[in-house]
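Enquirer: A single structure is presented below for examination.
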Amino acid sequence: MLKMNNVTKVFRTDLVETHALRDFNLHVQEGDFVAVTGPSGSGKTTFLNIAGLLETFNGGQYHLDGLDVSNLSDKERSRIRNEKIGFIFQGFNLIPDLNLFDNVDVPLRYRGFRSAERKRRIEQSLEMVGLASRMKHLPSQLSGGQQQRVAIARALAGEPRFLLADEPTGNLDSKMAHSVMDLLKDINARGTTIVMVTHDPLLAKQARRNIFVRDGKVSELHEVSAFAEDETAASKVANSKQ
Amino acid sequence: MFNSSSWEVGPILRALMRNKVGALLIAIQIAVTMCIIVNAIHIILERQELMARDSGIDEANSFHLISTGFANDFNEQVTIETDLNTIRALPGVIDAVQINAIPISGGGWSMGLQTQPGAEFDGVGTAVYMVDEHVLEALDLELIAGEAFKPTHVRWRERAQTNWPDQTIITKAMAESLFPEEPWQQVVGKTVYINDNEPILIMGIIDKLQAPWVGWNNVEHAMLSPEKTLFSSSRYLVRTEPGRRDELMPKVEEILAESNKGRIIRDVTSMMDTRERSYRRHGAMIKILTTVMVILTVVTALGIVGLASFSVNRRRKQIGTRRALGASQSAILRYFMLENFLISTVGVVLGAALTIGLNIYLVQAFSLDRIDWYFIPLGMLVLWMVGQLAVFGPAKRAAGIAPAIATRTV
Amino acid sequence: MFSYYLRLALLSIKRNPILSSLMVAAIALGIGASMTTITVNYLMSADPIPHKSDELFYVQVDSWDPNDPYDEPNEPPDQLTWTDANNLMNARKATRQVAMASSGAVIEPHGQDSKPFNAGIRLTFADFFPMFDVPFLYGSGWSESQDLAREQIVVLSRETNERVFGGENSVGRSIRIGGNQFTVVGVLNHWQPVPKFYDVTTGAFNETEDLFMPFLLKEELELPNGGNTNCWKSPEGDSFKAFLQSECVNYQMWVELPTERDKQDYLAFLNSYADDQKALGRFPRPLNNRLSNVMQWMEIQEVVADDARIMLWLSFMFLLVCLLNTIGLLLSKFSGKAAEIGLRRAVGASKGDLFMQHLVETACIGIAGGIAGLGLAMLGLLGIGSLYGDFAENLTSLDLTMVAVALLLALVSSIAAGLYPTWRACNIAPASQLKSQ
């Protein structure tokens with residue numbers, strides 16, 4: 001599904017070169033639920049941006065769903081984001097001027113669905129996150145957890161093969177975080193591949209696989225079943241170094 | 001690949017309704033700008049039409065001057081005869097006449113002509129030009145019916161003299177106003193009355209000659225009266241061969257001034273300068289309105305640029321999110337262009353109403369003409385285009401916002 | 001506190017130089033355009049003799065054609081006949097009275113090198129100079145007895161005196177005008193009422209005349225007619241005298257009537273005069289005599305040009321667009337400061353404090369716009385001056401009043417423009433901006 005081989009990303013300014021990712025290798029199977037953890041500055045976000053085709057990279061290869069996406073035009077990348085990837089952001093990123101219906105509608109418009117099809121999908125996905133009755137509400141009228149559910153509905157409405165979540169519970173209290181996680185697991189259970197970036201090891205534990213990123217590299221890979229106590233300690237140490 | 005779903009009219013409108021003030025500010029600016037521009041263009045065209053009217057004489061190659069006698073031994077009659085003979089004999093001069101008033105110059109003499117004698121009948125107002133038999137050649141007039149003056153027709157007129165010569169030549173427009181029922185050709189040979197009951201025979205008709213007053217309703221009404229004047233000040237109008245006017249103006253002035261020290265030669269002016277002076281306020285109005293229009297359009301466009309830039313900045317995150325969700329750069333560009341188009345539409349519809357309102361006011365208060373209907377759609381089109389051009393820069397910048405901004409916190 | 005606000009305002013203006021200069025430019029353009037047209041209209045409609053403009057009255061009597069009024073609907077002629085001008089002068093029923101006419105003649109300066117030139121003449125009476133507060137550089141006007149004696153005396157304008165006598169005190173010297181010898185009795189200082197109210201028949205903003213001489217010399221020296229001559233019937237006979245005795249109007253008349261009672265008395269006199277004339281077979285129209293004070297007369301004569309009024313209204317709309325522009329830009333600017341405002345609220349600033357702070361900022365922009373606008377207005381007036389040439393020569397100068405008006409207009413309009421954005425900015429809840437999202 002997602003295959004990165006020796007992906008490198010370098011940020012250049014006039015004075016310094018920063019290697020955000022170096023020889024990054026990762027394979028994610030269809031239907032998997034991977035949590036990517038690591039201290040801040042480790043390259044998590046860069047990985048997420050490249051995986052989601054939000055940023056280009058300097059070297060290596062990246063195949064998404066069998067397609068080499070290294071040299072695509074901006075327009076083609078936009079289309080792939082729209083068709084194959086669903087995004088969930090830490091800050092929800094709902095458009096404050098649009099009601100829930102119009103928010104979920106946004107990616108469907110870019111897909112070019114007809115109005116009846118869009119309506120069906122919007123209602124279906126809002127139904128799934130339990131907010132169908134509040135379609136005409138504005139994001140500001142909802143709680144954080146509800147907003148994130150709308151964002152998930154928006155990500156799912158286009159029926160992507162692949163869901164990218166960036167600290168999906170970062171702005172939520174633990175109760176809301178729980179229900180959002182349950183929703184994600186539920187979605188994964190229905191066959192959607194999920195890659196979730198988080199700094200929270202407890203959250204990561206709920207995924208099927210964990211990847212630990214440090215200094216722009218995958219330093220450890222775990223099946224969650226093999227998850228060990230000392231891993232938490234390691235990540236704490238890494239954090240305190242920052 | 002046209003697809004209706006990519007034209008987000010509904011969501012844009014709903015989003016605009018949450019941000020009414022900014023949108024309304026632009027819409028009103030567009031409306032007022034359109035109102036001013038359309039009415040200004042209307043006034044400009046009206047003035048241009050006024051200025052484009054032909055006075056009937058050879059303006060490009062003519063000039064005029066005044067000779068004022070002051071010496072006690074000044075013999076006016078001899079001076080005029082001598083002056084005219086001298087000027088007419090100069091190489092490069094086509095012809096010259098003594099004339100009591102210069103067409104389109106602002107100052108002159110008017111009389112009323114009536115078709116029936118008696119103080120109880122109304123006359124038709126006309127400018128009077130007192131000229132000799134050289135008038136057709138000197139003013140470049142075309143006699144389209146009847147006969148020209150002969151030397152025998154021309155008399156001398158004293159300053160306080162009140163009676164009139166027995167013949168006249170009038171303009172075609174004057175003939176049509178005097179006898180609206182008859183074709184102008186048949187006006188030749190008719191008798192009209194001046195000073196209520198003094199008969200005058202219309203012996204000829206000329207195609208065109210304007211009165212001295214460019215703002216007069218009857219500016220096309222003129223009559224030629226065959227007489228030379230002894231008013232102590234004489235005006236001469238001189239027509240030269242093409243291209244020789246500027247060389248002859250100082251020459252004529254000098255020759256006349258030298259030939260007789262008992263008078264002064266003054267106000268030597270080309271007809272082009274006379275026209276410029278008579279129409280100066282219209283020319284000035286045109287320039288001022290044009291300046292206002294240009295500046296106003298720039299101000300409105302800058303306002304749109306400013307507000308659009310601000311709204312793009314405010315929505316950076318949203319734009320990044322849209323990009324992340326699959327919007328291509330052109331979709332973002334289209335979004336802002338379409339948003340501006342919708343705001344402009346409100347503006348130009350409002351503008352159409354304002355334009356008509358202002359025009360109605362101008363018609364009533366300043367007796368301007370009504371605007372032609374097609375000015376409105378044209379004005380709307382122009383303002384739409386101004387809006388689209390102004391928003392293009394900010395929209396282009398919005399399209400350039402990196403999708404990765406969506407994952408950035410803060 | 002004010003100086004603190006001022007410092008904050010300047011900081012904020014500096015932080016957004018492009019937005020700030022756009023706003024200043026918008027206000028400056030709006031103020032510049034309106035001040036240009038306001039100045040032209042203000043000067044056109046100015047009171048040329050403010051301390052006594054309501055004591056001076058223009059005299060109209062209806063001597064016109066029985067069949068048609070002079071002007072629709074039923075306006076009396078705007079000038080008098082020679083006969084009426086002289087009869088009303090001789091009656092001496094007002095505190096002061098002048099009849100007048102314009103004419104022209106050739107002046108022949110002494111000396112071989114100076115050429116003869118044509119001069120504009122105002123024919124008038126002795127009361128002209130005290131009545132209209134005409135300033136003298138040398139000498140004075142003349143007396144009533146000199147009027148009646150038809151003495152060949154003249155008052156020169158300052159410019160004419162420069163031209164003929166090199167600016168010396170020429171009182172008592174002789175000057176040759178239209179082939180006759182005159183004695184100079186006075187030289188005016190610079191005098192240019194705007195509008196040139198005492199005779200607007202040939203243009204309200206013309207230059208004052210080159211010289212002034214007794215009215216009755218017109219008859220004595222058979223001086224030519226200046227200005228407009230209108231007749232409803234032709235003179236009876238071909239002599240100069242016949243023209244003077246005709247029903248042709250070419251003369252203006254002003255009277256000075258200090259009280260309302262004087263005015264009523266004078267109007268009654270005019271009416272009885274008209275009745276007397278009817279008895280003599282003149283004045284065939286119904287009684288229709290008018291007295292208009294200076295500003296009324298300017299109004300009747302439509303001294304303010306239509307084009308100037310059209311431009312005034314257009315420039316106000318222009319200012320409106322510029323202000324809408326400023327409101328939009330201020331909204332942008334203040335909403336960009338939401339975080340700062342939220343923080344200030346959180347640390348205890350009241351809404352009133354913030355309101356003042358932003359109002360001071362708006363006012364600073366307004367004053368900068370006003371000053372720049374004044375500069376633009378001067379450019380605009382220069383432009384109008386060059387476009388209209390000598391027609392507008394006396395209409396394109398900014399005086400102190402106009403400068404004050406410009407600054408006030410800029411201040412008021414920018415604060416008006418700033419009110420809504422400021423109010424919106426101050427209503428930001430204290431806490432809302434402290435969260436990172």
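Chain labels run A, B, ... following the order of the structure tokens; each chain numbers its residues from 1, and ligands are numbered from 1 in the order shown.
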Show me, as a list of chain:residue names, every residue of chain B with an atom at most 7 Å from chain C, counting only C-alpha atoms.
Expert: B:Gly22, B:Leu25, B:Gln29, B:Val32, B:Ile36, B:Phe70, B:Ala71, B:Asn72, B:Glu120, B:Ala160, B:Gln161, B:Thr162, B:Asn195, B:Ile264, B:Arg280, B:Arg281, B:Ala284, B:Leu296, B:Val299, B:Gly303, B:Gly306, B:Leu307, B:Phe310, B:Phe366, B:Val410
Enquirer: Kindly determine which residues of chain A lie within 10 Å of chain B, considering only C-alpha atoms, and give the answer as a ChimeraX atom specification.
Expert: /A:45-46,48-50,52-56,74-99,101-103,105-115,118,154-155,158,165-167
Enquirer: By how many Å are CA of Phe205 (chain C) and CA of Tyr42 (chain C) apart?
Expert: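 Going from CA of Phe205 (chain C) over to CA of Tyr42 (chain C), I get 13.2 Å.
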Enquirer: Find the residues near Leu378 (chain B): any atom within 12 Å, counting only C-alpha atoms, skip ones fewer than 4 places away on the same chain, and give them as a list of chain:residue names.
Expert: B:Met34, B:Cys35, B:Ile37, B:Val38, B:Ile41, B:His42, B:Val348, B:Gly351, B:Ala352, B:Ile371, B:Asp372, B:Trp373, B:Tyr374, B:Val382, B:Leu383, B:Trp384, B:Met385
Enquirer: Can you check which residues of region 14-135 of chain C DSSP gives as strand (DSSP E or B) on the backbone and send them as a compact mmCIF listing (two decimals) with N, CA and C atoms, in the first residue's frame?
Expert:
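Full text of result06.txt as output:
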```txt
# COMPACT_ATOMS: atom_id res chain seq x y z
N LEU C 56 -26.68 95.80 0.27
CA LEU C 56 -26.53 96.24 -1.12
C LEU C 56 -27.55 95.52 -1.97
N PHE C 57 -28.29 96.26 -2.79
CA PHE C 57 -29.35 95.64 -3.58
C PHE C 57 -29.22 95.98 -5.06
N TYR C 58 -29.40 94.95 -5.87
CA TYR C 58 -29.39 95.13 -7.31
C TYR C 58 -30.81 95.52 -7.74
N VAL C 59 -30.90 96.51 -8.61
CA VAL C 59 -32.20 97.06 -8.97
C VAL C 59 -32.66 96.50 -10.32
N GLN C 60 -33.87 95.97 -10.35
CA GLN C 60 -34.48 95.54 -11.62
C GLN C 60 -35.86 96.18 -11.73
N ASP C 71 -37.44 87.03 -19.62
CA ASP C 71 -37.01 85.64 -19.48
C ASP C 71 -38.15 84.89 -18.82
N GLU C 75 -39.49 86.99 -15.67
CA GLU C 75 -38.36 87.69 -15.08
C GLU C 75 -38.22 89.07 -15.70
N LEU C 80 -30.79 97.82 -16.89
CA LEU C 80 -31.71 98.96 -17.03
C LEU C 80 -31.49 99.67 -18.36
N THR C 81 -32.47 100.47 -18.75
CA THR C 81 -32.26 101.36 -19.89
C THR C 81 -31.51 102.60 -19.40
N ARG C 96 -27.01 105.26 -0.69
CA ARG C 96 -26.04 105.42 -1.77
C ARG C 96 -26.61 104.73 -2.99
N GLN C 97 -26.23 105.17 -4.16
CA GLN C 97 -26.69 104.53 -5.37
C GLN C 97 -25.69 104.71 -6.50
N VAL C 98 -25.52 103.66 -7.27
CA VAL C 98 -24.68 103.77 -8.46
C VAL C 98 -25.34 103.08 -9.63
N ALA C 99 -25.35 103.76 -10.76
CA ALA C 99 -25.67 103.11 -12.02
C ALA C 99 -24.33 102.93 -12.72
N MET C 100 -24.23 101.93 -13.57
CA MET C 100 -22.95 101.75 -14.23
C MET C 100 -23.09 101.01 -15.55
N ALA C 101 -21.97 101.05 -16.30
CA ALA C 101 -21.93 100.38 -17.59
C ALA C 101 -20.48 100.05 -17.87
N SER C 102 -20.28 99.10 -18.79
CA SER C 102 -18.90 98.85 -19.18
C SER C 102 -18.68 99.38 -20.59
N SER C 103 -17.43 99.75 -20.86
CA SER C 103 -17.09 100.30 -22.16
C SER C 103 -15.61 100.02 -22.40
N GLY C 104 -15.09 100.56 -23.47
CA GLY C 104 -13.68 100.36 -23.73
C GLY C 104 -13.14 101.51 -24.56
N ALA C 105 -11.84 101.76 -24.44
CA ALA C 105 -11.22 102.81 -25.25
C ALA C 105 -9.72 102.56 -25.31
N VAL C 106 -9.07 103.25 -26.23
CA VAL C 106 -7.63 103.09 -26.38
C VAL C 106 -6.93 104.13 -25.52
N ILE C 107 -5.97 103.67 -24.73
CA ILE C 107 -5.13 104.58 -23.94
C ILE C 107 -3.85 104.83 -24.71
N GLU C 108 -3.47 106.12 -24.82
CA GLU C 108 -2.18 106.43 -25.48
C GLU C 108 -1.23 106.95 -24.42
N PHE C 117 -2.80 101.06 -26.08
CA PHE C 117 -3.46 99.77 -25.83
C PHE C 117 -4.92 99.98 -25.48
N ASN C 118 -5.69 98.88 -25.64
CA ASN C 118 -7.12 98.95 -25.39
C ASN C 118 -7.39 98.68 -23.92
N ALA C 119 -8.26 99.48 -23.31
CA ALA C 119 -8.52 99.32 -21.89
C ALA C 119 -10.01 99.13 -21.65
N GLY C 120 -10.33 98.28 -20.68
CA GLY C 120 -11.72 98.10 -20.27
C GLY C 120 -12.11 99.20 -19.30
N ILE C 121 -13.29 99.79 -19.51
CA ILE C 121 -13.71 100.93 -18.70
C ILE C 121 -14.95 100.58 -17.90
N ARG C 122 -15.00 100.98 -16.63
CA ARG C 122 -16.26 100.94 -15.89
C ARG C 122 -16.73 102.37 -15.73
N LEU C 123 -17.91 102.64 -16.31
CA LEU C 123 -18.54 103.95 -16.17
C LEU C 123 -19.42 103.87 -14.94
N THR C 124 -19.21 104.80 -14.00
CA THR C 124 -19.99 104.67 -12.77
C THR C 124 -20.12 106.02 -12.07
```
Enquirer: Using only C-alpha atoms for the distances, tell me which of A:Gly41, A:Pro160, A:Gly144, A:Pro201 is nearest to chain C.
Expert: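 Selected residue with least distance to chain C: A:Gly144.
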Enquirer: Which of region 13-244 of chain C end up as alpha helix (DSSP H) when DSSP is run on this backbone - answer as JSON, numbers by chain?
Expert: {"C": [13, 14, 15, 17, 18, 19, 20, 21, 22, 23, 24, 25, 26, 27, 28, 29, 30, 31, 32, 33, 34, 35, 36, 37, 38, 39, 40, 41, 42, 43, 44, 82, 83, 84, 85, 86, 87, 88, 89, 90, 91, 128, 129, 130, 131, 144, 145, 146, 147, 148, 158, 159, 160, 161, 162, 163, 164, 165, 217, 218, 219, 220, 221, 240, 241, 242, 243, 244]}
